[in-house]
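Undergrad: The structure that follows is given in the form of structure tokens.
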Amino acid sequence: MCGIIGIIGKAPVTPLLVDALKRLEYRGYDSSGVATLVNGHIERRRAEGKLVNLEARLAQAPLPGIIGIGHTRWATHGKPSERNAHPIATDRVAIVHNGIIENFQELKDELTAEGRRFDSDTDTEVVAQLLTSYLERQMSPEEAIAKAMDRLRGAFALVALFGGRHDLLIGARRGSSLAVGYGDGEMYIGTDALALAPFTSRVSYLEDDDWAVLKADGCAVYQGTKPVERPIKKSGLSGALMGKGNHQHFMLKEIHEQPAVIGDTLHSYLDPATRSVRMPAMPVDWSKVSRVTMTACGTAFYACMVAKYWFEKLARLPVEIEVASEFRYREPPLPEGGVCIAVSQSGETVDTLEALRYAKNQKQTLLSVVNVPESAIARLSNAVLLTRAGPEIGVASTKAFTTQLVVLLAAAISAGLARGTLSRADEERLALAMIELPARINETLNMEEDYRRIAENTLAGARDVLYLGRGASYPVALEGALKLKELSYIHAEGYAGGEMKHGPIALIDDAVPVVVVAPTDAIFDKIASNFEQVRARGGKLVLLSDKAGVARLGAKAETSIALPDIDPVVAPILYTVAVQLLAYYTALAKGTDIDQPRNLAKSVTVE
Ligand code: F6R
């Protein structure tokens with residue numbers, strides 16, 4: 001989604017605004033812009049496309065000013081163009097906005113009837129025009145914002161810059177995140193602590209319906225007309241974290257970080273010395289829970305799918321899973337004393353957040369598995385299970401997913417112990433399998449060239465690719481297909497191996513590569529049959545298995561990779577790395593924009 005930044009500085013702010021936008025660009029990248037005050041007047045530079053276009057514009061026409069706002073956009077209303085790029089401004093106020101103003105048409109009709117002329121196709125412009133209308137009625141900026149908050153519906157984070165006010169920025173949020181950074185005689189406001197990281201580590205997080213008045217020496221926060229306190233916290237993030245290191249893309253760097261961040265996450269949830277699970281205190285007695293509901297979107301939803309296998313197998317606990325955007329509108333009845341687990345890297349995904357709100361209204365205990373501790377989903381939850389993935393900048397999720405799986409497996413083991421379905425010996429065996437993961441993933445990463453070869457020779461030229469898996473490898477097949485379509489724009493689908501013969505098998509011919517995710521587990525024979533069914537129809541098989549699996553089926557595949565041997569319970573985590581590498585190298589061979597794929601955005605804060 002969009003990234004926003006505002007700075008009250010002591011020196012020209014445009015370079016700092018652009019610097020912050022670079023850190024926010026992963027959220028949305030179809031256009032960008034900055035606005036400052038020059039001799040009291042609002043001046044803007046905006047450009048369609050990537051931030052480099054804005055930088056080129058600024059090189060031609062520099063923008064002075066010591067107070068300003070900036071934006072990088074993921075279009076919701078109005079196509080990506082310079083005209084629709086933020087900041088959206090009148091002569092009185094300039095606005096940067098993340099989210100959607102749901103009642104924009106009603107407000108636009110009203111404002112048009114007042115004689116106001118709209119210059120863009122954005123919903124954001126109603127905010128700029130509404131504030132201008134209030135300012136022209138002699139309201140102060142503070143009064144105008146407070147009044148506008150009452151009129152705006154939807155989810156949004158906004159920052160406003162006012163003509164003639166070198167000392168003032170006002171931010172407001174409902175639904176979308178907004179953080180205030182405290183400097184030394186300088187103030188910052190932005191989408192998240194990551195955007196503010198190089199400027200300051202002293203950060204406060206606004207709550208829903210807050211509006212914040214920033215002056216050079218501090219910030220006052222209000223809800224309605226009532227002043228409220230938002231504590232200043234020390235953010236552990238550093239701007240240095242944002243580099244790609246020696247890697248060509250953030251995604252590749254993040255794939256390679258997995259042994260380390262899985263190690264960090266394991267450290268929080270396991271005691272390696274005793275090989276036991278170590279969960280934080282939780283408001284859940286697993287032995288009394290009758291059903292778990294899990295909800296999430298996209299890749300995070302596939303984490304729920306894998307976790308369903310784990311909770312049901314290891315803890316004999318029924319789990320219902322559903323994508324968050326459907327779950328909340330289906331209005332399912334949820335059992336008294338039930339537990340709802342939301343999974344989200346960003347902790348801001350609005351569909352997941354609203355699904356969790358629904359579960360809260362149904363009196364469920366809310367657990368969340370998130371990567372951002374201060375996020376809205378974390379704050380709504382009764383207990384938070386943090387993943388230790390660190391900032392994920394590549395738009396396609398990689399290390400967030402595998403760390404989510406680690407946390408969910410630890411939770412499933414702890415539920416199994418509480419319910420008496422796992423013994424201490426089982427716990428030791430499972431803990432040991434988890435402890436081995438970073439080393440096995442490293443071995444997989446050392447075979448990168450094999451993945452590159454398959455990507456270049458077999459996948460990159462295909463129009464369609466199928467992925468098959470069974471049991472907990474089925475969600476891995478779905479994740480492999482999602483990664484491939486996101487990154488390479490090749491049409492790809494994942495299927496449960498046994499489901500092939502019920503329809504999708506019609507797609508098989510010698511032009512369709514079929515990636516089979518098949519660790520040798522209890523149902524290996526079943527996926528082996530599905531493998532043969534594809535082979536009998538001339539499909540090009542790519543086998544991902546272990547030594548035993550490749551020994552059995554490898555000769556019949558077009559190509560195969562033997563992954564390291566591993567306990568089948570943790571195989572979904574290891575095999576995910578394999579499908580990530582296939583997708584990455586296919587996209588690399590096709591020359592697509594890997595870190596910022598077309599049409600996508602990180603942190604989807606609109607419905
Ligand atoms: C895919 C991807 C998305 C996200 C989804 C949920 O690579 O990144 O499918 O997984 O948008 O995002 P979070 O986890 O932030 O809730």
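Every chain in the structure tokens takes a letter, A first, then B, and so on in the order presented; its residues are numbered from 1, and the ligands are numbered from 1 following the presented order.
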Residues of chain A within 6 Å of ligand 1: nearest atom pair and distance (Å, one decimal) for each, counting only C-alpha atoms and all ligand atoms, sorted by chain and number, as a Markdown table?
TA:
```
| residue | atom | partner | partner_atom_place_in_ligand_line | distance |
| --- | --- | --- | --- | --- |
| A:Cys297 | CA | ligand 1 | 6 (C) | 4.6 |
| A:Gly298 | CA | ligand 1 | 9 (O) | 3.3 |
| A:Thr299 | CA | ligand 1 | 10 (O) | 3.8 |
| A:Ala300 | CA | ligand 1 | 10 (O) | 4.6 |
| A:Ser344 | CA | ligand 1 | 14 (O) | 3.4 |
| A:Gln345 | CA | ligand 1 | 14 (O) | 3.6 |
| A:Ser346 | CA | ligand 1 | 15 (O) | 3.7 |
| A:Gly347 | CA | ligand 1 | 15 (O) | 5.7 |
| A:Thr349 | CA | ligand 1 | 16 (O) | 4.6 |
| A:Val395 | CA | ligand 1 | 8 (O) | 5.9 |
| A:Ala396 | CA | ligand 1 | 7 (O) | 3.4 |
| A:Ser397 | CA | ligand 1 | 8 (O) | 3.9 |
| A:Lys483 | CA | ligand 1 | 7 (O) | 6.0 |
| A:Ser603 | CA | ligand 1 | 15 (O) | 4.9 |
| A:Val604 | CA | ligand 1 | 11 (O) | 5.8 |
```
Undergrad: With only C-alpha atoms as the counted atoms, please give the residues lying no more than 10 Å from Pro332 of chain A, apart from itself and same-chain residues fewer than 5 positions off, as a list in words.
TA: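 Near neighbours after the sequence-gap exclusion: Phe327, Tyr358, Ala359 and Gln362 of chain A.
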Undergrad: Give me a file of those residues, with all heavy atoms, as an mmCIF file, in the first residue's frame.
TA:
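Saved result, selection-v7.cif, follows:
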```cif
data_model
loop_
_atom_site.group_PDB
_atom_site.id
_atom_site.type_symbol
_atom_site.label_atom_id
_atom_site.label_comp_id
_atom_site.auth_asym_id
_atom_site.auth_seq_id
_atom_site.Cartn_x
_atom_site.Cartn_y
_atom_site.Cartn_z
ATOM 1 N N PHE A 327 -13.901 -15.006 5.409
ATOM 2 C CA PHE A 327 -14.276 -15.371 6.781
ATOM 3 C C PHE A 327 -15.171 -14.301 7.414
ATOM 4 O O PHE A 327 -16.231 -14.568 7.945
ATOM 5 C CB PHE A 327 -12.994 -15.559 7.596
ATOM 6 C CG PHE A 327 -13.203 -15.806 9.054
ATOM 7 C CD1 PHE A 327 -13.601 -17.054 9.503
ATOM 8 C CD2 PHE A 327 -13.010 -14.790 9.975
ATOM 9 C CE1 PHE A 327 -13.794 -17.285 10.850
ATOM 10 C CE2 PHE A 327 -13.191 -15.011 11.329
ATOM 11 C CZ PHE A 327 -13.585 -16.266 11.761
ATOM 12 N N TYR A 358 -13.966 -9.520 14.047
ATOM 13 C CA TYR A 358 -15.183 -10.323 14.051
ATOM 14 C C TYR A 358 -15.068 -11.401 15.138
ATOM 15 O O TYR A 358 -15.986 -11.615 15.930
ATOM 16 C CB TYR A 358 -15.408 -10.960 12.661
ATOM 17 C CG TYR A 358 -16.540 -11.940 12.669
ATOM 18 C CD1 TYR A 358 -17.855 -11.490 12.581
ATOM 19 C CD2 TYR A 358 -16.299 -13.306 12.825
ATOM 20 C CE1 TYR A 358 -18.906 -12.385 12.650
ATOM 21 C CE2 TYR A 358 -17.342 -14.200 12.892
ATOM 22 C CZ TYR A 358 -18.641 -13.742 12.795
ATOM 23 O OH TYR A 358 -19.678 -14.627 12.873
ATOM 24 N N ALA A 359 -13.899 -12.060 15.178
ATOM 25 C CA ALA A 359 -13.693 -13.126 16.170
ATOM 26 C C ALA A 359 -13.761 -12.557 17.591
ATOM 27 O O ALA A 359 -14.268 -13.199 18.511
ATOM 28 C CB ALA A 359 -12.360 -13.811 15.931
ATOM 29 N N GLN A 362 -17.138 -12.269 18.654
ATOM 30 C CA GLN A 362 -17.687 -13.606 18.954
ATOM 31 C C GLN A 362 -17.045 -14.197 20.213
ATOM 32 O O GLN A 362 -17.098 -15.390 20.438
ATOM 33 C CB GLN A 362 -17.421 -14.545 17.778
ATOM 34 C CG GLN A 362 -18.086 -14.130 16.481
ATOM 35 C CD GLN A 362 -19.524 -14.579 16.413
ATOM 36 O OE1 GLN A 362 -19.821 -15.739 16.593
ATOM 37 N NE2 GLN A 362 -20.427 -13.637 16.196
#
```
Undergrad: List as a JSON list (two decimals) with all heavy atoms, in the first residue's frame the protein and nucleic acid residues near Leu417 of chain A, meaning an atom at most 12 Å away when only C-alpha atoms are counted, but skip any in the same chain fewer than 4 places from it.
TA:
```
[["chain", "number", "residue", "atom", "x", "y", "z"],
["A", 276, "SER", "N", 13.12, -28.71, 24.38],
["A", 276, "SER", "CA", 11.72, -28.57, 24.74],
["A", 276, "SER", "C", 11.18, -27.24, 24.21],
["A", 276, "SER", "O", 11.94, -26.30, 23.95],
["A", 276, "SER", "CB", 11.54, -28.66, 26.26],
["A", 276, "SER", "OG", 12.45, -27.79, 26.88],
["A", 277, "VAL", "N", 9.87, -27.22, 24.06],
["A", 277, "VAL", "CA", 9.22, -26.02, 23.55],
["A", 277, "VAL", "C", 9.07, -25.03, 24.69],
["A", 277, "VAL", "O", 8.78, -25.41, 25.82],
["A", 277, "VAL", "CB", 7.83, -26.40, 22.97],
["A", 277, "VAL", "CG1", 7.04, -25.17, 22.60],
["A", 277, "VAL", "CG2", 8.01, -27.29, 21.75],
["A", 278, "ARG", "N", 9.28, -23.74, 24.38],
["A", 278, "ARG", "CA", 9.24, -22.71, 25.41],
["A", 278, "ARG", "C", 8.34, -21.60, 24.90],
["A", 278, "ARG", "O", 8.78, -20.71, 24.19],
["A", 278, "ARG", "CB", 10.67, -22.22, 25.60],
["A", 278, "ARG", "CG", 10.91, -21.19, 26.64],
["A", 278, "ARG", "CD", 12.39, -20.99, 26.84],
["A", 278, "ARG", "NE", 13.11, -20.64, 25.61],
["A", 278, "ARG", "CZ", 14.43, -20.48, 25.53],
["A", 278, "ARG", "NH1", 15.19, -20.68, 26.56],
["A", 278, "ARG", "NH2", 15.00, -20.13, 24.39],
["A", 279, "MET", "N", 7.04, -21.70, 25.20],
["A", 279, "MET", "CA", 6.10, -20.69, 24.68],
["A", 279, "MET", "C", 5.94, -19.57, 25.71],
["A", 279, "MET", "O", 6.04, -19.82, 26.91],
["A", 279, "MET", "CB", 4.72, -21.32, 24.43],
["A", 279, "MET", "CG", 4.71, -22.43, 23.41],
["A", 279, "MET", "SD", 5.32, -21.92, 21.79],
["A", 279, "MET", "CE", 3.97, -20.95, 21.16],
["A", 285, "ASP", "N", -5.78, -22.33, 27.61],
["A", 285, "ASP", "CA", -5.50, -23.66, 28.13],
["A", 285, "ASP", "C", -5.88, -24.64, 27.02],
["A", 285, "ASP", "O", -7.05, -24.93, 26.79],
["A", 285, "ASP", "CB", -6.33, -23.90, 29.40],
["A", 285, "ASP", "CG", -6.10, -25.30, 29.95],
["A", 285, "ASP", "OD1", -5.45, -26.12, 29.26],
["A", 285, "ASP", "OD2", -6.58, -25.57, 31.07],
["A", 286, "TRP", "N", -4.85, -25.11, 26.31],
["A", 286, "TRP", "CA", -5.11, -25.93, 25.12],
["A", 286, "TRP", "C", -5.93, -27.16, 25.44],
["A", 286, "TRP", "O", -6.67, -27.66, 24.59],
["A", 286, "TRP", "CB", -3.79, -26.35, 24.45],
["A", 286, "TRP", "CG", -3.03, -25.23, 23.80],
["A", 286, "TRP", "CD1", -1.83, -24.73, 24.19],
["A", 286, "TRP", "CD2", -3.42, -24.46, 22.65],
["A", 286, "TRP", "NE1", -1.44, -23.70, 23.36],
["A", 286, "TRP", "CE2", -2.39, -23.52, 22.40],
["A", 286, "TRP", "CE3", -4.53, -24.47, 21.81],
["A", 286, "TRP", "CZ2", -2.44, -22.61, 21.34],
["A", 286, "TRP", "CZ3", -4.58, -23.57, 20.76],
["A", 286, "TRP", "CH2", -3.56, -22.65, 20.54],
["A", 287, "SER", "N", -5.80, -27.65, 26.68],
["A", 287, "SER", "CA", -6.53, -28.89, 27.00],
["A", 287, "SER", "C", -8.04, -28.65, 27.02],
["A", 287, "SER", "O", -8.83, -29.57, 26.94],
["A", 287, "SER", "CB", -6.05, -29.46, 28.33],
["A", 287, "SER", "OG", -6.42, -28.58, 29.37],
["A", 311, "PHE", "N", -1.69, -28.91, 13.95],
["A", 311, "PHE", "CA", -2.57, -28.91, 15.14],
["A", 311, "PHE", "C", -3.44, -30.16, 15.16],
["A", 311, "PHE", "O", -3.69, -30.75, 16.20],
["A", 311, "PHE", "CB", -3.45, -27.65, 15.15],
["A", 311, "PHE", "CG", -2.82, -26.47, 15.83],
["A", 311, "PHE", "CD1", -2.13, -25.51, 15.09],
["A", 311, "PHE", "CD2", -2.89, -26.31, 17.21],
["A", 311, "PHE", "CE1", -1.53, -24.43, 15.70],
["A", 311, "PHE", "CE2", -2.29, -25.23, 17.84],
["A", 311, "PHE", "CZ", -1.61, -24.28, 17.08],
["A", 314, "LEU", "N", -0.80, -33.35, 15.60],
["A", 314, "LEU", "CA", 0.01, -33.42, 16.83],
["A", 314, "LEU", "C", -0.83, -33.19, 18.09],
["A", 314, "LEU", "O", -0.51, -33.74, 19.14],
["A", 314, "LEU", "CB", 1.14, -32.38, 16.78],
["A", 314, "LEU", "CG", 2.10, -32.46, 15.59],
["A", 314, "LEU", "CD1", 3.10, -31.32, 15.63],
["A", 314, "LEU", "CD2", 2.83, -33.80, 15.57],
["A", 315, "ALA", "N", -1.87, -32.37, 17.98],
["A", 315, "ALA", "CA", -2.65, -32.04, 19.17],
["A", 315, "ALA", "C", -4.08, -32.57, 19.09],
["A", 315, "ALA", "O", -4.85, -32.37, 20.02],
["A", 315, "ALA", "CB", -2.67, -30.52, 19.38],
["A", 316, "ARG", "N", -4.40, -33.23, 17.98],
["A", 316, "ARG", "CA", -5.76, -33.74, 17.76],
["A", 316, "ARG", "C", -6.80, -32.64, 18.05],
["A", 316, "ARG", "O", -7.83, -32.87, 18.68],
["A", 316, "ARG", "CB", -6.06, -34.98, 18.63],
["A", 316, "ARG", "CG", -5.06, -36.08, 18.50],
["A", 316, "ARG", "CD", -4.94, -36.66, 17.08],
["A", 316, "ARG", "NE", -6.17, -37.18, 16.53],
["A", 316, "ARG", "CZ", -6.47, -37.17, 15.22],
["A", 316, "ARG", "NH1", -5.63, -36.63, 14.34],
["A", 316, "ARG", "NH2", -7.60, -37.66, 14.79],
["A", 317, "LEU", "N", -6.50, -31.47, 17.59],
["A", 317, "LEU", "CA", -7.35, -30.30, 17.83],
["A", 317, "LEU", "C", -7.94, -29.86, 16.49],
["A", 317, "LEU", "O", -7.20, -29.56, 15.56],
["A", 317, "LEU", "CB", -6.47, -29.19, 18.44],
["A", 317, "LEU", "CG", -7.11, -27.91, 18.90],
["A", 317, "LEU", "CD1", -8.27, -28.16, 19.84],
["A", 317, "LEU", "CD2", -6.07, -27.06, 19.61],
["A", 410, "ALA", "N", 5.73, -24.71, 16.84],
["A", 410, "ALA", "CA", 6.00, -24.70, 18.28],
["A", 410, "ALA", "C", 4.67, -24.64, 19.05],
["A", 410, "ALA", "O", 4.49, -25.35, 20.06],
["A", 410, "ALA", "CB", 6.89, -23.51, 18.65],
["A", 411, "ALA", "N", 3.73, -23.83, 18.56],
["A", 411, "ALA", "CA", 2.43, -23.72, 19.24],
["A", 411, "ALA", "C", 1.67, -25.05, 19.16],
["A", 411, "ALA", "O", 1.05, -25.47, 20.16],
["A", 411, "ALA", "CB", 1.60, -22.60, 18.61],
["A", 412, "ALA", "N", 1.74, -25.71, 18.02],
["A", 412, "ALA", "CA", 1.02, -26.99, 17.88],
["A", 412, "ALA", "C", 1.63, -28.05, 18.81],
["A", 412, "ALA", "O", 0.91, -28.85, 19.42],
["A", 412, "ALA", "CB", 1.08, -27.47, 16.43],
["A", 413, "ILE", "N", 2.97, -28.03, 18.94],
["A", 413, "ILE", "CA", 3.61, -29.00, 19.85],
["A", 413, "ILE", "C", 3.18, -28.70, 21.28],
["A", 413, "ILE", "O", 2.83, -29.61, 22.04],
["A", 413, "ILE", "CB", 5.15, -28.94, 19.72],
["A", 413, "ILE", "CG1", 5.59, -29.36, 18.31],
["A", 413, "ILE", "CG2", 5.82, -29.82, 20.77],
["A", 413, "ILE", "CD1", 7.06, -29.12, 18.00],
["A", 421, "THR", "N", -1.54, -35.51, 23.79],
["A", 421, "THR", "CA", -1.42, -36.28, 22.55],
["A", 421, "THR", "C", 0.04, -36.44, 22.13],
["A", 421, "THR", "O", 0.34, -37.20, 21.22],
["A", 421, "THR", "CB", -2.21, -35.60, 21.41],
["A", 421, "THR", "OG1", -1.79, -34.24, 21.33],
["A", 421, "THR", "CG2", -3.71, -35.66, 21.67],
["A", 422, "LEU", "N", 0.91, -35.68, 22.77],
["A", 422, "LEU", "CA", 2.35, -35.83, 22.52],
["A", 422, "LEU", "C", 3.04, -36.15, 23.85],
["A", 422, "LEU", "O", 2.68, -35.61, 24.89],
["A", 422, "LEU", "CB", 2.96, -34.53, 21.98],
["A", 422, "LEU", "CG", 2.60, -34.08, 20.57],
["A", 422, "LEU", "CD1", 3.32, -32.78, 20.25],
["A", 422, "LEU", "CD2", 2.95, -35.14, 19.53],
["A", 423, "SER", "N", 4.04, -37.01, 23.76],
["A", 423, "SER", "CA", 4.81, -37.34, 24.96],
["A", 423, "SER", "C", 6.06, -36.46, 25.00],
["A", 423, "SER", "O", 6.39, -35.78, 24.03],
["A", 423, "SER", "CB", 5.23, -38.81, 24.91],
["A", 423, "SER", "OG", 6.13, -38.96, 23.81],
["A", 424, "ARG", "N", 6.76, -36.54, 26.10],
["A", 424, "ARG", "CA", 8.04, -35.81, 26.23],
["A", 424, "ARG", "C", 9.02, -36.28, 25.13],
["A", 424, "ARG", "O", 9.74, -35.49, 24.55],
["A", 424, "ARG", "CB", 8.58, -36.05, 27.65],
["A", 424, "ARG", "CG", 9.98, -35.60, 27.87],
["A", 424, "ARG", "CD", 10.13, -34.07, 27.95],
["A", 424, "ARG", "NE", 11.53, -33.71, 27.98],
["A", 424, "ARG", "CZ", 12.14, -32.89, 27.13],
["A", 424, "ARG", "NH1", 11.47, -32.27, 26.18],
["A", 424, "ARG", "NH2", 13.42, -32.63, 27.24],
["A", 425, "ALA", "N", 8.99, -37.59, 24.84],
["A", 425, "ALA", "CA", 9.90, -38.10, 23.80],
["A", 425, "ALA", "C", 9.53, -37.52, 22.44],
["A", 425, "ALA", "O", 10.41, -37.16, 21.64],
["A", 425, "ALA", "CB", 9.82, -39.63, 23.76],
["A", 426, "ASP", "N", 8.22, -37.38, 22.18],
["A", 426, "ASP", "CA", 7.79, -36.76, 20.92],
["A", 426, "ASP", "C", 8.30, -35.32, 20.86],
["A", 426, "ASP", "O", 8.78, -34.85, 19.83],
["A", 426, "ASP", "CB", 6.25, -36.69, 20.82],
["A", 426, "ASP", "CG", 5.62, -38.08, 20.73],
["A", 426, "ASP", "OD1", 6.25, -38.96, 20.14],
["A", 426, "ASP", "OD2", 4.50, -38.24, 21.25],
["A", 427, "GLU", "N", 8.17, -34.62, 21.99],
["A", 427, "GLU", "CA", 8.61, -33.22, 22.03],
["A", 427, "GLU", "C", 10.10, -33.13, 21.69],
["A", 427, "GLU", "O", 10.51, -32.29, 20.87],
["A", 427, "GLU", "CB", 8.35, -32.63, 23.43],
["A", 427, "GLU", "CG", 8.77, -31.17, 23.54],
["A", 427, "GLU", "CD", 8.68, -30.63, 24.96],
["A", 427, "GLU", "OE1", 8.65, -31.43, 25.91],
["A", 427, "GLU", "OE2", 8.64, -29.39, 25.11],
["A", 428, "GLU", "N", 10.89, -34.01, 22.28],
["A", 428, "GLU", "CA", 12.34, -33.98, 22.01],
["A", 428, "GLU", "C", 12.63, -34.24, 20.53],
["A", 428, "GLU", "O", 13.46, -33.58, 19.93],
["A", 428, "GLU", "CB", 13.04, -35.05, 22.85],
["A", 428, "GLU", "CG", 13.33, -34.57, 24.25],
["A", 428, "GLU", "CD", 14.37, -35.46, 24.92],
["A", 428, "GLU", "OE1", 15.49, -35.58, 24.40],
["A", 428, "GLU", "OE2", 14.04, -36.03, 25.97],
["A", 430, "LEU", "N", 10.64, -33.77, 17.94],
["A", 430, "LEU", "CA", 10.18, -32.65, 17.11],
["A", 430, "LEU", "C", 11.08, -31.43, 17.28],
["A", 430, "LEU", "O", 11.42, -30.74, 16.32],
["A", 430, "LEU", "CB", 8.73, -32.31, 17.45],
["A", 430, "LEU", "CG", 7.73, -33.40, 17.06],
["A", 430, "LEU", "CD1", 6.38, -33.18, 17.75],
["A", 430, "LEU", "CD2", 7.55, -33.44, 15.55]]
```
Undergrad: Please build the interface table for segment 181-242 of chain A against segment 163-176 of chain A with a cut-off of 6 Å, listing for each qualifying residue the nearest atom pair and the distance in Å to one decimal; count only C-alpha atoms, order rows by chain and increasing number, and write it as a Markdown table.
TA:
```
| residue | atom | partner | partner_atom | distance |
| --- | --- | --- | --- | --- |
| A:Asp208 | CA | A:Arg174 | CA | 4.5 |
| A:Asp209 | CA | A:Arg174 | CA | 5.0 |
| A:Asp210 | CA | A:Ala172 | CA | 5.8 |
| A:Trp211 | CA | A:Ala172 | CA | 4.1 |
| A:Ala212 | CA | A:Gly171 | CA | 5.1 |
| A:Val213 | CA | A:Ile170 | CA | 4.7 |
| A:Leu214 | CA | A:Leu169 | CA | 5.2 |
| A:Lys215 | CA | A:Leu168 | CA | 5.1 |
```
Undergrad: Please produce a file of those selected residues containing all heavy atoms, as a PDB file, in the first residue's frame.
TA:
```
ATOM      1  N   ASP A 208      -6.026   4.167  16.536  1.00  0.00           N
ATOM      2  CA  ASP A 208      -7.148   4.502  15.662  1.00  0.00           C
ATOM      3  C   ASP A 208      -7.862   5.752  16.159  1.00  0.00           C
ATOM      4  O   ASP A 208      -8.101   5.891  17.365  1.00  0.00           O
ATOM      5  CB  ASP A 208      -8.153   3.338  15.634  1.00  0.00           C
ATOM      6  CG  ASP A 208      -7.816   2.389  14.503  1.00  0.00           C
ATOM      7  OD1 ASP A 208      -6.956   2.749  13.678  1.00  0.00           O
ATOM      8  OD2 ASP A 208      -8.403   1.306  14.462  1.00  0.00           O
ATOM      9  N   ASP A 209      -8.207   6.626  15.232  1.00  0.00           N
ATOM     10  CA  ASP A 209      -8.938   7.868  15.492  1.00  0.00           C
ATOM     11  C   ASP A 209      -8.097   8.957  16.150  1.00  0.00           C
ATOM     12  O   ASP A 209      -8.600  10.019  16.484  1.00  0.00           O
ATOM     13  CB  ASP A 209     -10.219   7.622  16.317  1.00  0.00           C
ATOM     14  CG  ASP A 209     -11.232   6.854  15.501  1.00  0.00           C
ATOM     15  OD1 ASP A 209     -11.363   7.152  14.300  1.00  0.00           O
ATOM     16  OD2 ASP A 209     -11.870   5.943  16.047  1.00  0.00           O
ATOM     17  N   ASP A 210      -6.815   8.698  16.341  1.00  0.00           N
ATOM     18  CA  ASP A 210      -5.922   9.756  16.839  1.00  0.00           C
ATOM     19  C   ASP A 210      -5.664  10.768  15.735  1.00  0.00           C
ATOM     20  O   ASP A 210      -5.580  10.404  14.555  1.00  0.00           O
ATOM     21  CB  ASP A 210      -4.545   9.181  17.212  1.00  0.00           C
ATOM     22  CG  ASP A 210      -4.534   8.492  18.562  1.00  0.00           C
ATOM     23  OD1 ASP A 210      -5.577   8.487  19.237  1.00  0.00           O
ATOM     24  OD2 ASP A 210      -3.460   7.955  18.929  1.00  0.00           O
ATOM     25  N   TRP A 211      -5.497  12.012  16.119  1.00  0.00           N
ATOM     26  CA  TRP A 211      -4.865  12.990  15.225  1.00  0.00           C
ATOM     27  C   TRP A 211      -3.777  13.702  16.006  1.00  0.00           C
ATOM     28  O   TRP A 211      -3.911  13.952  17.196  1.00  0.00           O
ATOM     29  CB  TRP A 211      -5.877  13.907  14.553  1.00  0.00           C
ATOM     30  CG  TRP A 211      -6.800  14.669  15.460  1.00  0.00           C
ATOM     31  CD1 TRP A 211      -7.944  14.204  16.035  1.00  0.00           C
ATOM     32  CD2 TRP A 211      -6.667  16.040  15.866  1.00  0.00           C
ATOM     33  NE1 TRP A 211      -8.546  15.185  16.779  1.00  0.00           N
ATOM     34  CE2 TRP A 211      -7.787  16.332  16.693  1.00  0.00           C
ATOM     35  CE3 TRP A 211      -5.731  17.043  15.608  1.00  0.00           C
ATOM     36  CZ2 TRP A 211      -7.976  17.585  17.265  1.00  0.00           C
ATOM     37  CZ3 TRP A 211      -5.928  18.294  16.181  1.00  0.00           C
ATOM     38  CH2 TRP A 211      -7.042  18.552  16.993  1.00  0.00           C
ATOM     39  N   ALA A 212      -2.669  13.950  15.340  1.00  0.00           N
ATOM     40  CA  ALA A 212      -1.461  14.399  16.037  1.00  0.00           C
ATOM     41  C   ALA A 212      -0.982  15.711  15.442  1.00  0.00           C
ATOM     42  O   ALA A 212      -0.851  15.834  14.226  1.00  0.00           O
ATOM     43  CB  ALA A 212      -0.378  13.343  15.894  1.00  0.00           C
ATOM     44  N   VAL A 213      -0.729  16.675  16.312  1.00  0.00           N
ATOM     45  CA  VAL A 213      -0.251  17.993  15.881  1.00  0.00           C
ATOM     46  C   VAL A 213       1.255  18.046  16.123  1.00  0.00           C
ATOM     47  O   VAL A 213       1.706  18.021  17.270  1.00  0.00           O
ATOM     48  CB  VAL A 213      -0.962  19.100  16.687  1.00  0.00           C
ATOM     49  CG1 VAL A 213      -0.462  20.483  16.260  1.00  0.00           C
ATOM     50  CG2 VAL A 213      -2.466  18.988  16.522  1.00  0.00           C
ATOM     51  N   LEU A 214       2.029  18.081  15.052  1.00  0.00           N
ATOM     52  CA  LEU A 214       3.486  18.104  15.177  1.00  0.00           C
ATOM     53  C   LEU A 214       3.992  19.526  15.017  1.00  0.00           C
ATOM     54  O   LEU A 214       3.648  20.206  14.043  1.00  0.00           O
ATOM     55  CB  LEU A 214       4.139  17.245  14.091  1.00  0.00           C
ATOM     56  CG  LEU A 214       4.263  15.750  14.358  1.00  0.00           C
ATOM     57  CD1 LEU A 214       2.913  15.075  14.162  1.00  0.00           C
ATOM     58  CD2 LEU A 214       5.284  15.122  13.423  1.00  0.00           C
ATOM     59  N   LYS A 215       4.802  19.948  15.980  1.00  0.00           N
ATOM     60  CA  LYS A 215       5.547  21.204  15.858  1.00  0.00           C
ATOM     61  C   LYS A 215       7.018  20.819  16.015  1.00  0.00           C
ATOM     62  O   LYS A 215       7.305  19.695  16.434  1.00  0.00           O
ATOM     63  CB  LYS A 215       5.139  22.175  16.970  1.00  0.00           C
ATOM     64  CG  LYS A 215       3.629  22.454  17.047  1.00  0.00           C
ATOM     65  CD  LYS A 215       3.311  23.869  16.613  1.00  0.00           C
ATOM     66  CE  LYS A 215       1.828  24.113  16.451  1.00  0.00           C
ATOM     67  NZ  LYS A 215       1.139  24.552  17.646  1.00  0.00           N
TER      68      LYS A 215
END
```
Undergrad: Show me, as a VMD selection string, the residues that have an atom within 10 Å of Arg537 of chain A when counting only C-alpha atoms, minus same-chain residues fewer than 4 positions from it.
TA: chain A and resid 505 to 510 532 to 533
